[in-house]
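Asks: Contents of target27.txt (compact mmCIF, C-alpha atoms) are given next:
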```txt
# COMPACT_ATOMS: atom_id res chain seq x y z
CA MET A 24 6.53 0.64 -38.21
CA LEU A 25 8.80 3.41 -39.53
CA LYS A 26 7.19 5.90 -37.20
CA ARG A 27 7.85 3.72 -34.19
CA GLY A 28 11.44 3.25 -35.29
CA VAL A 29 12.00 6.97 -35.63
CA ILE A 30 10.44 7.72 -32.25
CA GLY A 31 12.47 4.95 -30.64
CA ALA A 32 15.67 6.29 -32.15
CA ALA A 33 14.84 9.82 -31.01
CA VAL A 34 14.25 8.68 -27.43
CA LEU A 35 17.43 6.66 -27.49
CA PHE A 36 19.31 9.72 -28.67
CA LEU A 37 17.73 11.81 -25.92
CA VAL A 38 18.73 9.32 -23.23
CA GLY A 39 22.24 9.12 -24.71
CA ALA A 40 22.50 12.90 -24.71
CA ALA A 41 21.35 13.01 -21.07
CA ALA A 42 24.01 10.44 -20.20
CA TYR A 43 26.65 12.50 -22.00
CA ALA A 44 25.50 15.68 -20.29
CA SER A 45 25.53 14.14 -16.83
CA PHE A 46 29.01 12.68 -17.33
CA TYR A 47 30.77 15.50 -19.18
CA ILE A 48 28.80 18.73 -18.95
CA ALA A 49 27.60 18.74 -15.35
CA PRO A 50 30.31 19.97 -12.97
CA GLU A 51 31.78 17.62 -10.40
CA GLU A 52 30.19 17.85 -6.97
CA ARG A 53 32.69 19.08 -4.41
CA THR A 54 32.33 16.59 -1.56
CA MET A 55 30.85 13.50 -3.21
CA GLY A 56 32.82 13.55 -6.44
CA ALA A 57 31.94 11.48 -9.48
CA ILE A 58 29.44 9.23 -7.72
CA GLN A 59 27.07 12.18 -7.41
CA ARG A 60 26.46 11.93 -11.18
CA ILE A 61 24.24 8.91 -10.57
CA PHE A 62 21.74 11.40 -9.18
CA TYR A 63 20.81 12.49 -12.72
CA PHE A 64 19.47 8.97 -13.33
CA HIS A 65 18.37 8.18 -9.83
CA ALA A 66 16.16 11.19 -9.21
CA ALA A 67 15.03 11.46 -12.85
CA SER A 68 13.91 7.81 -12.78
CA ALA A 69 12.09 8.44 -9.53
CA TRP A 70 10.15 11.31 -11.12
CA ALA A 71 9.38 9.26 -14.23
CA GLY A 72 8.23 6.35 -12.06
CA MET A 73 5.93 8.61 -10.07
CA THR A 74 4.46 9.98 -13.30
CA ALA A 75 3.83 6.41 -14.49
CA PHE A 76 2.02 5.58 -11.23
CA LEU A 77 -0.06 8.72 -11.62
CA VAL A 78 -1.01 7.56 -15.13
CA CYS A 79 -1.87 4.16 -13.67
CA PHE A 80 -4.12 5.77 -11.06
CA LEU A 81 -5.93 7.91 -13.64
CA ALA A 82 -6.37 4.87 -15.89
CA ASN A 83 -7.74 2.87 -12.95
CA LEU A 84 -10.18 5.62 -12.09
CA THR A 85 -11.32 5.88 -15.71
CA TYR A 86 -11.79 2.14 -15.92
CA VAL A 87 -13.98 2.01 -12.83
CA LEU A 88 -16.17 4.84 -14.08
CA ARG A 89 -16.27 4.15 -17.84
CA ARG A 90 -15.40 0.45 -18.19
CA ASN A 91 -13.39 0.82 -21.39
CA GLN A 92 -10.79 -1.84 -22.04
CA LYS A 93 -8.25 0.73 -23.11
CA SER A 94 -8.02 2.12 -19.58
CA ASP A 95 -7.35 -1.36 -18.28
CA TRP A 96 -4.55 -1.83 -20.78
CA LEU A 97 -3.10 1.55 -19.92
CA GLY A 98 -3.35 0.81 -16.20
CA VAL A 99 -1.38 -2.40 -16.28
CA SER A 100 1.19 -0.96 -18.70
CA ALA A 101 1.75 2.11 -16.54
CA ALA A 102 2.07 -0.01 -13.39
CA GLU A 103 4.71 -2.22 -15.00
CA VAL A 104 6.68 0.67 -16.44
CA GLY A 105 6.46 2.60 -13.16
CA LEU A 106 7.67 -0.47 -11.33
CA ALA A 107 10.63 -0.76 -13.70
CA PHE A 108 11.65 2.85 -13.04
CA THR A 109 11.17 2.45 -9.30
CA THR A 110 13.37 -0.65 -9.45
CA VAL A 111 16.06 1.48 -11.12
CA VAL A 112 15.69 3.97 -8.26
CA LEU A 113 16.03 1.24 -5.65
CA ILE A 114 19.14 -0.12 -7.36
CA THR A 115 20.93 3.15 -8.13
CA GLY A 116 20.18 4.44 -4.59
CA PRO A 117 22.35 1.89 -2.76
CA ILE A 118 25.09 2.22 -5.42
CA TRP A 119 25.26 5.90 -4.49
CA ALA A 120 24.73 5.40 -0.77
CA HIS A 121 27.55 2.91 -0.24
CA PRO A 122 30.47 5.27 -0.95
CA VAL A 123 28.70 8.37 0.40
CA TRP A 124 26.96 7.10 3.55
CA GLY A 125 29.14 4.01 3.98
CA ILE A 126 26.10 1.71 3.97
CA TRP A 127 24.04 0.15 1.21
CA TRP A 128 20.68 0.63 2.79
CA THR A 129 19.17 2.47 5.71
CA TRP A 130 15.57 2.58 6.87
CA ASP A 131 15.30 6.25 6.10
CA ALA A 132 12.07 7.97 5.16
CA ARG A 133 12.30 8.22 1.42
CA LEU A 134 14.10 4.92 0.89
CA THR A 135 11.52 3.13 2.95
CA SER A 136 8.55 4.82 1.36
CA THR A 137 9.87 4.12 -2.13
CA PHE A 138 10.27 0.52 -1.11
CA VAL A 139 6.70 0.38 0.20
CA LEU A 140 5.47 2.02 -3.01
CA TRP A 141 7.33 -0.63 -4.99
CA LEU A 142 5.72 -3.38 -2.88
CA LEU A 143 2.25 -1.90 -3.40
CA TYR A 144 2.58 -2.05 -7.17
CA VAL A 145 4.13 -5.52 -7.07
CA SER A 146 0.97 -6.54 -5.20
CA TYR A 147 -1.12 -4.85 -7.88
CA LEU A 148 0.52 -6.90 -10.63
CA LEU A 149 0.37 -10.11 -8.58
CA LEU A 150 -3.32 -9.55 -7.98
CA ARG A 151 -3.87 -9.28 -11.72
CA ASN A 152 -2.26 -12.68 -12.18
CA MET A 153 -4.54 -14.18 -9.58
CA LEU A 154 -7.79 -13.04 -11.19
CA GLU A 155 -8.89 -15.23 -14.09
CA GLU A 156 -11.83 -13.56 -15.71
CA PRO A 157 -10.73 -10.48 -17.75
CA ASP A 158 -13.50 -8.05 -16.74
CA ARG A 159 -13.24 -9.04 -13.10
CA ARG A 160 -9.47 -8.70 -13.24
CA ALA A 161 -9.73 -5.25 -14.77
CA LEU A 162 -12.28 -3.98 -12.26
CA LEU A 163 -10.83 -5.42 -9.06
CA SER A 164 -7.25 -4.53 -9.87
CA ALA A 165 -8.32 -1.01 -10.82
CA LEU A 166 -10.03 -0.66 -7.45
CA PHE A 167 -6.94 -1.92 -5.67
CA GLY A 168 -4.86 0.51 -7.72
CA ILE A 169 -7.02 3.40 -6.54
CA PHE A 170 -6.66 2.38 -2.90
CA ALA A 171 -2.92 1.90 -3.35
CA PHE A 172 -2.44 5.33 -4.88
CA LEU A 173 -4.46 6.99 -2.11
CA ASP A 174 -2.10 5.31 0.31
CA VAL A 175 1.02 6.85 -1.27
CA PRO A 176 0.83 10.30 0.41
CA LEU A 177 -0.02 8.64 3.73
CA VAL A 178 2.96 6.31 3.44
CA PHE A 179 5.24 9.22 2.64
CA GLY A 180 3.81 11.34 5.46
CA ALA A 181 4.02 8.61 8.07
CA ILE A 182 7.52 7.55 7.23
CA ARG A 183 8.74 11.11 6.95
CA TRP A 184 7.51 11.86 10.46
CA TRP A 185 9.02 8.66 11.63
CA ARG A 186 12.59 9.38 10.57
CA THR A 187 14.70 10.97 7.91
CA GLN A 188 18.26 10.57 6.71
CA HIS A 189 17.93 11.00 2.94
CA PRO A 190 19.47 14.27 1.73
CA GLN A 191 16.85 16.95 2.27
CA PRO A 192 15.00 17.84 -0.92
CA VAL A 193 17.50 19.64 -3.11
CA ILE A 194 15.00 20.63 -5.75
CA MET A 195 11.95 22.60 -4.68
CA GLY A 196 13.08 22.10 -1.08
CA SER A 197 13.57 24.58 1.70
CA PRO A 198 15.16 28.00 1.08
CA GLY A 199 18.92 27.69 0.72
CA SER A 200 18.62 24.41 -1.13
CA GLY A 201 19.03 24.25 -4.88
CA LEU A 202 21.30 23.07 -7.61
CA GLU A 203 24.18 24.81 -9.29
CA PRO A 204 22.75 26.24 -12.58
CA THR A 205 24.51 23.83 -14.96
CA MET A 206 23.62 20.90 -12.72
CA SER A 207 20.06 22.05 -12.69
CA LYS A 208 19.93 22.23 -16.50
CA VAL A 209 21.44 18.77 -16.84
CA PHE A 210 19.06 17.44 -14.24
CA PHE A 211 15.93 18.73 -15.90
CA PHE A 212 17.22 17.45 -19.24
CA SER A 213 17.64 14.01 -17.63
CA VAL A 214 14.11 14.25 -16.25
CA LEU A 215 12.87 15.00 -19.75
CA ALA A 216 14.87 12.11 -21.25
CA MET A 217 13.64 9.68 -18.61
CA HIS A 218 10.06 10.78 -19.17
CA ALA A 219 10.49 10.30 -22.92
CA LEU A 220 11.82 6.81 -22.24
CA MET A 221 8.93 6.15 -19.87
CA VAL A 222 6.37 7.23 -22.47
CA LEU A 223 8.06 5.10 -25.13
CA LEU A 224 8.07 2.01 -22.91
CA LEU A 225 4.51 2.73 -21.88
CA SER A 226 3.26 2.97 -25.45
CA GLU A 227 5.11 -0.21 -26.44
CA ARG A 228 3.77 -2.06 -23.43
CA TYR A 229 0.29 -0.75 -24.19
CA ARG A 230 0.54 -2.03 -27.78
CA LEU A 231 1.48 -5.44 -26.43
CA GLU A 232 -1.43 -5.46 -23.99
CA LYS A 233 -3.80 -4.36 -26.75
CA MET A 234 -2.57 -7.18 -29.01
CA ARG A 235 -3.06 -9.61 -26.16
CA GLY A 236 -6.59 -8.33 -25.60
CA ASP A 237 -7.43 -8.51 -29.31
CA PHE A 238 -5.97 -11.98 -29.52
CA GLN A 239 -8.08 -13.22 -26.63
CA GLU A 240 -11.13 -11.66 -28.23
CA LEU A 241 -10.43 -13.51 -31.51
CA GLN A 242 -9.76 -16.71 -29.63
CA ARG A 243 -13.14 -16.44 -27.90
CA GLU A 244 -14.86 -15.76 -31.23
CA ALA A 245 -13.16 -18.77 -32.79
CA GLU A 246 -14.22 -20.97 -29.90
CA ALA A 247 -17.80 -19.75 -30.12
CA ARG A 248 -18.04 -20.63 -33.79
CA MET B 234 -31.46 6.63 7.09
CA ALA B 235 -32.24 3.36 5.29
CA THR B 236 -28.52 2.73 5.03
CA LEU B 237 -28.13 3.04 8.76
CA SER B 238 -31.00 0.74 9.64
CA ASN B 239 -29.79 -1.78 7.04
CA THR B 240 -26.33 -1.57 8.56
CA ALA B 241 -27.71 -2.18 12.02
CA VAL B 242 -29.54 -5.32 10.88
CA LEU B 243 -26.51 -6.63 8.99
CA LEU B 244 -24.22 -5.86 11.91
CA GLY B 245 -26.54 -7.88 14.12
CA LYS B 246 -26.20 -10.77 11.68
CA GLU B 247 -22.39 -10.55 11.62
CA VAL B 248 -22.10 -10.42 15.39
CA ARG B 249 -24.63 -13.24 15.84
CA THR B 250 -22.80 -15.45 13.35
CA GLU B 251 -19.53 -14.91 15.17
CA PHE B 252 -20.79 -15.29 18.71
CA ARG B 253 -22.60 -18.53 17.91
CA SER B 254 -19.29 -20.25 17.33
CA ARG B 255 -16.70 -17.68 18.50
CA GLU B 256 -14.38 -19.48 16.06
CA LEU B 257 -12.76 -16.37 14.69
CA LEU B 258 -12.11 -14.75 18.05
CA THR B 259 -10.69 -17.89 19.65
CA THR B 260 -8.36 -18.75 16.80
CA THR B 261 -7.15 -15.16 16.45
CA VAL B 262 -6.38 -14.84 20.16
CA VAL B 263 -4.44 -18.10 20.10
CA PHE B 264 -2.60 -16.96 16.98
CA ILE B 265 -1.56 -13.66 18.58
CA VAL B 266 -0.38 -15.40 21.77
CA MET B 267 1.65 -17.74 19.61
CA VAL B 268 3.29 -14.92 17.66
CA VAL B 269 4.08 -12.92 20.82
CA VAL B 270 5.65 -15.97 22.46
CA LEU B 271 7.63 -16.89 19.37
CA PHE B 272 8.91 -13.34 19.07
CA SER B 273 10.32 -13.48 22.59
CA PHE B 274 12.38 -16.55 21.64
CA THR B 275 13.95 -14.78 18.73
CA PHE B 276 15.48 -11.94 20.71
CA ASP B 277 15.12 -12.73 24.40
CA PRO B 278 14.27 -9.19 25.50
CA THR B 279 15.32 -7.51 28.72
CA SER B 280 12.86 -5.19 30.42
CA SER B 281 14.06 -2.01 28.67
CA GLU B 282 14.21 -3.83 25.36
CA SER B 283 10.64 -5.03 25.70
CA ARG B 284 9.53 -1.45 26.23
CA ARG B 285 11.36 -0.54 23.07
CA PHE B 286 10.34 -3.43 20.83
CA GLY B 287 7.11 -4.45 22.53
CA PRO B 288 4.72 -2.03 20.82
CA GLY B 289 6.04 -2.82 17.35
CA LEU B 290 5.89 -6.50 18.06
CA LEU B 291 2.37 -6.26 19.38
CA TRP B 292 1.17 -4.32 16.35
CA LEU B 293 2.90 -6.67 13.94
CA ALA B 294 1.14 -9.57 15.63
CA PHE B 295 -2.18 -7.68 15.36
CA LEU B 296 -1.60 -6.97 11.69
CA PHE B 297 -0.74 -10.56 10.84
CA ALA B 298 -3.68 -11.77 12.86
CA ALA B 299 -5.99 -9.29 11.13
CA SER B 300 -4.87 -10.39 7.68
CA LEU B 301 -5.96 -13.91 8.62
CA MET B 302 -9.05 -12.89 10.56
CA LEU B 303 -10.48 -10.85 7.70
CA GLN B 304 -10.26 -13.75 5.23
CA PRO B 305 -13.66 -15.32 5.91
CA CYS B 306 -15.44 -11.95 5.91
CA PHE B 307 -16.59 -12.21 2.29
CA LEU B 308 -15.54 -15.79 1.69
CA ARG B 309 -18.26 -17.23 3.86
CA GLU B 310 -20.87 -15.35 1.83
CA GLN B 311 -19.75 -17.34 -1.20
CA THR B 312 -20.59 -20.80 0.07
CA ASN B 313 -24.32 -20.40 -0.42
CA ASP B 314 -24.04 -17.31 -2.59
CA THR B 315 -25.53 -15.27 0.23
CA LEU B 316 -23.76 -12.20 -1.10
CA SER B 317 -26.32 -11.88 -3.91
CA ALA B 318 -29.07 -12.10 -1.32
CA LEU B 319 -27.40 -9.40 0.74
CA ARG B 320 -27.04 -7.19 -2.29
CA LEU B 321 -30.70 -7.58 -3.17
CA SER B 322 -31.84 -6.84 0.35
CA VAL B 323 -30.12 -3.50 0.90
CA SER B 324 -30.80 -0.21 -0.81
CA ASP B 325 -27.19 0.91 -0.63
CA PRO B 326 -24.36 -1.65 -0.94
CA PHE B 327 -22.28 0.52 1.34
CA ALA B 328 -24.42 -0.82 4.20
CA ILE B 329 -22.93 -4.28 3.63
CA PHE B 330 -19.43 -2.87 3.93
CA LEU B 331 -20.29 -0.69 6.87
CA ALA B 332 -21.77 -3.61 8.80
CA LYS B 333 -18.85 -5.91 8.04
CA LEU B 334 -16.40 -3.17 8.79
CA ILE B 335 -17.90 -2.34 12.16
CA ALA B 336 -18.05 -6.04 13.01
CA ASN B 337 -14.41 -6.53 11.99
CA THR B 338 -13.28 -3.50 13.97
CA LEU B 339 -15.18 -4.81 16.96
CA PHE B 340 -13.67 -8.29 16.71
CA LEU B 341 -10.18 -6.93 16.22
CA PHE B 342 -10.54 -4.53 19.11
CA LEU B 343 -11.87 -7.31 21.32
CA THR B 344 -8.98 -9.65 20.58
CA GLU B 345 -6.52 -6.82 21.17
CA VAL B 346 -8.05 -5.95 24.52
CA LEU B 347 -8.01 -9.64 25.48
CA MET B 348 -4.34 -9.77 24.50
CA LEU B 349 -3.20 -6.77 26.50
CA PRO B 350 -2.97 -8.45 29.94
CA VAL B 351 -1.08 -11.37 28.43
CA PHE B 352 1.29 -8.97 26.71
CA ALA B 353 1.75 -6.91 29.90
CA VAL B 354 2.69 -10.00 31.89
CA LEU B 355 4.94 -11.61 29.29
CA TYR B 356 6.80 -8.44 28.43
CA ASN B 357 6.72 -6.92 31.87
CA VAL B 358 5.15 -3.58 30.97
CA HIS B 359 2.66 -1.58 33.05
CA LEU B 360 -0.53 -0.89 31.17
CA LEU B 361 -3.11 -0.34 33.88
CA ALA B 362 -2.52 3.41 34.25
CA VAL B 363 -2.80 4.10 30.53
CA THR B 364 -5.59 1.70 29.62
CA PRO B 365 -8.12 4.32 28.43
CA GLN B 366 -5.55 6.06 26.22
CA LEU B 367 -4.34 2.72 24.92
CA ALA B 368 -7.92 1.74 24.12
CA LEU B 369 -8.22 4.85 21.97
CA VAL B 370 -5.04 3.96 20.06
CA LEU B 371 -6.21 0.39 19.66
CA PHE B 372 -9.60 1.50 18.41
CA LEU B 373 -8.27 3.95 15.80
CA GLY B 374 -5.65 1.42 14.72
CA SER B 375 -8.17 -1.42 14.42
CA LEU B 376 -10.46 0.79 12.40
CA GLY B 377 -7.54 1.64 10.09
CA VAL B 378 -6.82 -2.06 9.64
CA ALA B 379 -10.46 -3.04 9.19
CA ILE B 380 -11.41 -0.47 6.52
CA PRO B 381 -8.98 -1.50 3.76
CA GLY B 382 -9.06 -5.04 5.18
CA THR B 383 -12.79 -5.40 4.59
CA ALA B 384 -12.49 -3.91 1.11
CA PHE B 385 -9.62 -6.18 0.15
CA SER B 386 -11.25 -9.27 1.56
CA ALA B 387 -13.98 -8.66 -1.03
CA ILE B 388 -11.24 -8.57 -3.69
CA SER B 389 -9.19 -11.51 -2.48
CA ALA B 390 -12.27 -13.71 -2.08
CA GLN B 391 -12.49 -13.75 -5.87
CA ALA B 392 -8.80 -14.42 -6.54
CA ARG B 393 -6.74 -17.55 -6.78
CA LEU B 394 -4.46 -18.26 -3.80
CA ARG B 395 -6.78 -16.00 -1.82
CA GLU B 396 -5.28 -16.89 1.56
CA LEU B 397 -1.97 -15.46 0.37
CA MET B 398 -3.41 -12.59 -1.60
CA LEU B 399 -5.10 -10.80 1.30
CA PRO B 400 -1.95 -10.29 3.39
CA LEU B 401 -0.06 -9.37 0.23
CA LEU B 402 -2.56 -6.66 -0.66
CA LEU B 403 -3.16 -5.48 2.86
CA LEU B 404 0.19 -5.38 4.62
CA PRO B 405 2.07 -2.87 2.43
CA LEU B 406 -0.98 -0.60 2.42
CA LEU B 407 -1.11 -0.68 6.21
CA THR B 408 2.45 0.63 6.67
CA PRO B 409 1.16 4.06 7.81
CA VAL B 410 -1.18 2.44 10.35
CA LEU B 411 1.61 0.24 11.66
CA ILE B 412 3.95 3.20 12.13
CA ALA B 413 1.37 5.50 13.68
CA SER B 414 -0.10 2.95 16.08
CA THR B 415 3.30 1.65 17.10
CA GLU B 416 4.58 5.14 17.81
CA ALA B 417 1.45 6.08 19.74
CA THR B 418 1.58 2.85 21.77
CA ALA B 419 5.30 3.25 22.44
CA ALA B 420 4.76 6.76 23.79
CA LEU B 421 2.19 5.34 26.23
CA LEU B 422 4.60 2.69 27.50
CA GLU B 423 7.38 5.18 28.29
CA PRO B 424 8.22 5.85 31.95
CA ASN B 425 6.38 9.17 31.48
CA PRO B 426 3.41 8.12 29.36
CA ALA B 427 2.25 10.63 26.78
CA LEU B 428 -0.73 10.57 24.48
CA ARG B 429 0.69 11.39 21.05
CA LYS B 430 -2.13 13.45 19.56
CA ASP B 431 -0.22 13.93 16.29
CA TRP B 432 -0.11 10.19 15.61
CA LEU B 433 -3.71 9.77 16.70
CA GLY B 434 -4.66 12.55 14.30
CA PHE B 435 -2.72 10.75 11.61
CA LEU B 436 -4.57 7.51 12.30
CA ALA B 437 -7.88 9.36 12.19
CA THR B 438 -6.89 10.89 8.82
CA PHE B 439 -6.04 7.45 7.47
CA ASP B 440 -9.40 6.13 8.64
CA VAL B 441 -11.30 9.02 7.08
CA VAL B 442 -9.46 8.79 3.74
CA PHE B 443 -10.12 5.08 3.32
CA LEU B 444 -13.64 5.20 4.68
CA THR B 445 -14.42 7.85 2.06
CA ALA B 446 -12.79 5.73 -0.65
CA LEU B 447 -14.80 2.72 0.46
CA TRP B 448 -17.99 4.76 0.46
CA LEU B 449 -17.26 6.00 -3.07
CA PHE B 450 -16.02 2.75 -4.62
CA GLY B 451 -17.47 0.04 -2.39
CA GLU B 452 -20.40 -0.74 -4.66
CA TYR B 453 -18.05 -1.61 -7.53
CA LEU B 454 -16.31 -4.17 -5.34
CA LEU B 455 -19.55 -6.09 -5.04
CA GLU B 456 -20.49 -6.13 -8.72
CA GLU B 457 -21.43 -9.46 -10.23
```
In structure tokens, what does this structure look like?
Replies:
Amino acid sequence: MLKRGVIGAAVLFLVGAAAYASFYIAPEERTMGAIQRIFYFHAASAWAGMTAFLVCFLANLTYVLRRNQKSDWLGVSAAEVGLAFTTVVLITGPIWAHPVWGIWWTWDARLTSTFVLWLLYVSYLLLRNMLEEPDRRALLSALFGIFAFLDVPLVFGAIRWWRTQHPQPVIMGSPGSGLEPTMSKVFFFSVLAMHALMVLLLSERYRLEKMRGDFQELQREAEAR
Amino acid sequence: MATLSNTAVLLGKEVRTEFRSRELLTTTVVFIVMVVVLFSFTFDPTSSESRRFGPGLLWLAFLFAASLMLQPCFLREQTNDTLSALRLSVSDPFAIFLAKLIANTLFLFLTEVLMLPVFAVLYNVHLLAVTPQLALVLFLGSLGVAIPGTAFSAISAQARLRELMLPLLLLPLLTPVLIASTEATAALLEPNPALRKDWLGFLATFDVVFLTALWLFGEYLLEE
């Protein structure tokens, strides 16, 4: 209990520090002004969300091959947490886009593919609700998760070919792109903070799922007696 | 080798079942006609507009139709628990998928080809000159729809609200197929038709990726 409290407080501090850094330490962007600071949360959440989906995929794969309940718990937890971060991305994106592009939403490559990604994992969670029997639910949703994750690069590729308006990748993009050094430091600190938050949420969600699993196990035992 | 001969037998069964009643094909064709007609009410297209929106519309109609058409694929094996019998009779469960998948691709392709003249007349586009190229796009697209579609129909058959679940699982996953086939079809309907090899290559990649995934994980989908 104490350990969890300490870890929670540390993550909270980290996220607070990232917020402070992005508001006060990072320099103001020349053309966009203050609104650009949302990028430290927007892009960092996107990265954290992608990491969560990767965890979900690995958990799904492990479940299909090994059939251990823990992978199933991890899979659903990671999908939910990833979905939460992707939702943050989809909300902060339009907040940024409205003053900068003059529109809330455009069917641009990365916006659209993030939206499709979001839909895929909503489907994954809905499917879990629609499968009654626990083992069946674990197996079939894991298989869907694998298919969904394989689809991600194809979705990105297709939509990218199709059209693009999102700012070209600033980080690890083409030559000539890149962040101002202080911005870059603040950004990677935000990425770290968001990942810490993601891991915290993931472990808490996992604990909940484990308790739920244990509870159902006990319930079944009680009924059998 | 055994897989292939098993597949051939099972494919024969699928095709026979369908052509005895032709239920699936008839209802799907009627459904697509309905969607195409309803679409035209919603935006009353001029000739240049139909060239622009037509391909997307057509593929959307195909996708919706497919998500309904693929429903019974595994569902009808449940009625008399024939799926267990199928599983016992083949050496490799992939044969079951392969047969169903080929049958589904065939049915989809057939309905699409049947739809093309209707579409050409209603939307005033000229398709005759590009029919072979269009057939290639339709085939690769149908295959792309049928591979995950067959896999997911095995999943949704075991879920609650299965009629809703299949489109929900399938449609977001098919975004790449929708984009690629629409773009390839649109290029063929231009005044100077062009075969977009890049999009065809993309469709082929999609098909290969998911066929491999189905081959690797298909047997788990059929577990008791």
Asks: Which of these residues is nearest to Ser68 of chain A, using only C-alpha atoms: A:Arg27, A:Arg248, A:His218, A:Lys233?
Replies: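 Under the stated criterion, the closest residue is A:His218.
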Asks: Extract, using only C-alpha atoms, all DNA, RNA and protein residues at most 12 Å from segment 234-245 of chain B, discarding same-chain residues fewer than 5 positions from it, and format them as a PyMOL selection string.
Replies: chain B and resi 250-253+316+318-340+448
Asks: Find the residues with any atom within 6 Å of (20.2, 14.1, -21.1); use only C-alpha atoms and the coordinates as given in the file, and write the answer as a list in words.
Replies: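 The requested residues, written out, are Leu37, Val38, Ala40, Ala41, Ala42, Ala44, Phe212, Ser213 and Ala216 of chain A.
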Asks: Counting only C-alpha atoms, what are the residues of chain A within 6 Å of chain B, and for each of them which pair of atoms is the nearest and at what distance in Å, to one decimal? Sort the table by chain and rising number, as CSV.
Replies:
```
residue,atom,partner,partner_atom,distance
A:Leu143,CA,B:Pro405,CA,5.9
A:Ser146,CA,B:Leu402,CA,5.8
A:Met153,CA,B:Arg393,CA,4.9
A:Leu154,CA,B:Ala392,CA,5.0
A:Val178,CA,B:Pro409,CA,5.2
A:Ala181,CA,B:Pro409,CA,5.4
```
Asks: Quick one: of A:Tyr86, A:Phe238, A:Phe108, A:Tyr144, who's nearest to Ala67 of chain A, counting all atoms listed in the file?
Replies: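 For Ala67 of chain A, the nearest of the given residues is A:Phe108.
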Asks: Which residues are near segment 357-359 of chain B? Cut-off 9 Å, all atoms listed in the file, ignore same chain within fewer than 6 positions. Put them as a list in words.
Replies: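 So the residues in contact are Ser280, Ser283, Arg284, Gly287 and Leu422 of chain B.
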Asks: I need the residue nearest Leu142 of chain A from this list: A:Ala120, A:Thr109, A:Gln59, A:Met234. Use all atoms listed in the file for the distance.
Replies: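 Closest to Leu142 of chain A of all the choices is A:Thr109.
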Asks: Please report the interatomic distance between atom CA of Cys306 of chain B and atom CA of Ser386 of chain B in Å with one decimal.
Replies: 6.6 Å
Asks: Rounded to one decimal in Å, what is the spacing between atom CA of Leu291 of chain B and atom CA of Ser136 of chain A?
Replies: 22.0 Å
Asks: Atom CA of Leu361 of chain B to atom CA of Leu421 of chain B: how many Å, to one decimal?
Replies: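 Interatomic distance here is 10.9 Å.
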Asks: Point out the residue among A:Phe62, A:Tyr43, A:Trp141, A:Phe36 with the least atom-to-atom distance to Phe210 of chain A, counting all atoms listed in the file.
Replies: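 Closest to Phe210 of chain A of all the choices is A:Phe62.
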Asks: Listed atoms of segment 350-361 of chain B, axis-aligned box, 8 Å per side: centre and edge lengths to one decimal in Å, as JSON?
Replies:
```
{"center_x": 1.8, "center_y": -6.0, "center_z": 30.3, "size_x": 25.9, "size_y": 27.3, "size_z": 23.2}
```
Asks: Which one of A:Glu155, A:Asp95, A:Asp131, A:Glu203 sits closest to Pro50 of chain A if you count all atoms listed in the file?
Replies: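 Nearest to Pro50 of chain A: A:Glu203.
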Asks: Please determine, counting only C-alpha atoms, which residue among A:Val87, A:Glu103, A:Leu113, A:Ser207 has the shortest atom-to-atom distance to Leu149 of chain A.
Replies: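 The shortest atom-to-atom distance to Leu149 of chain A comes from A:Glu103.
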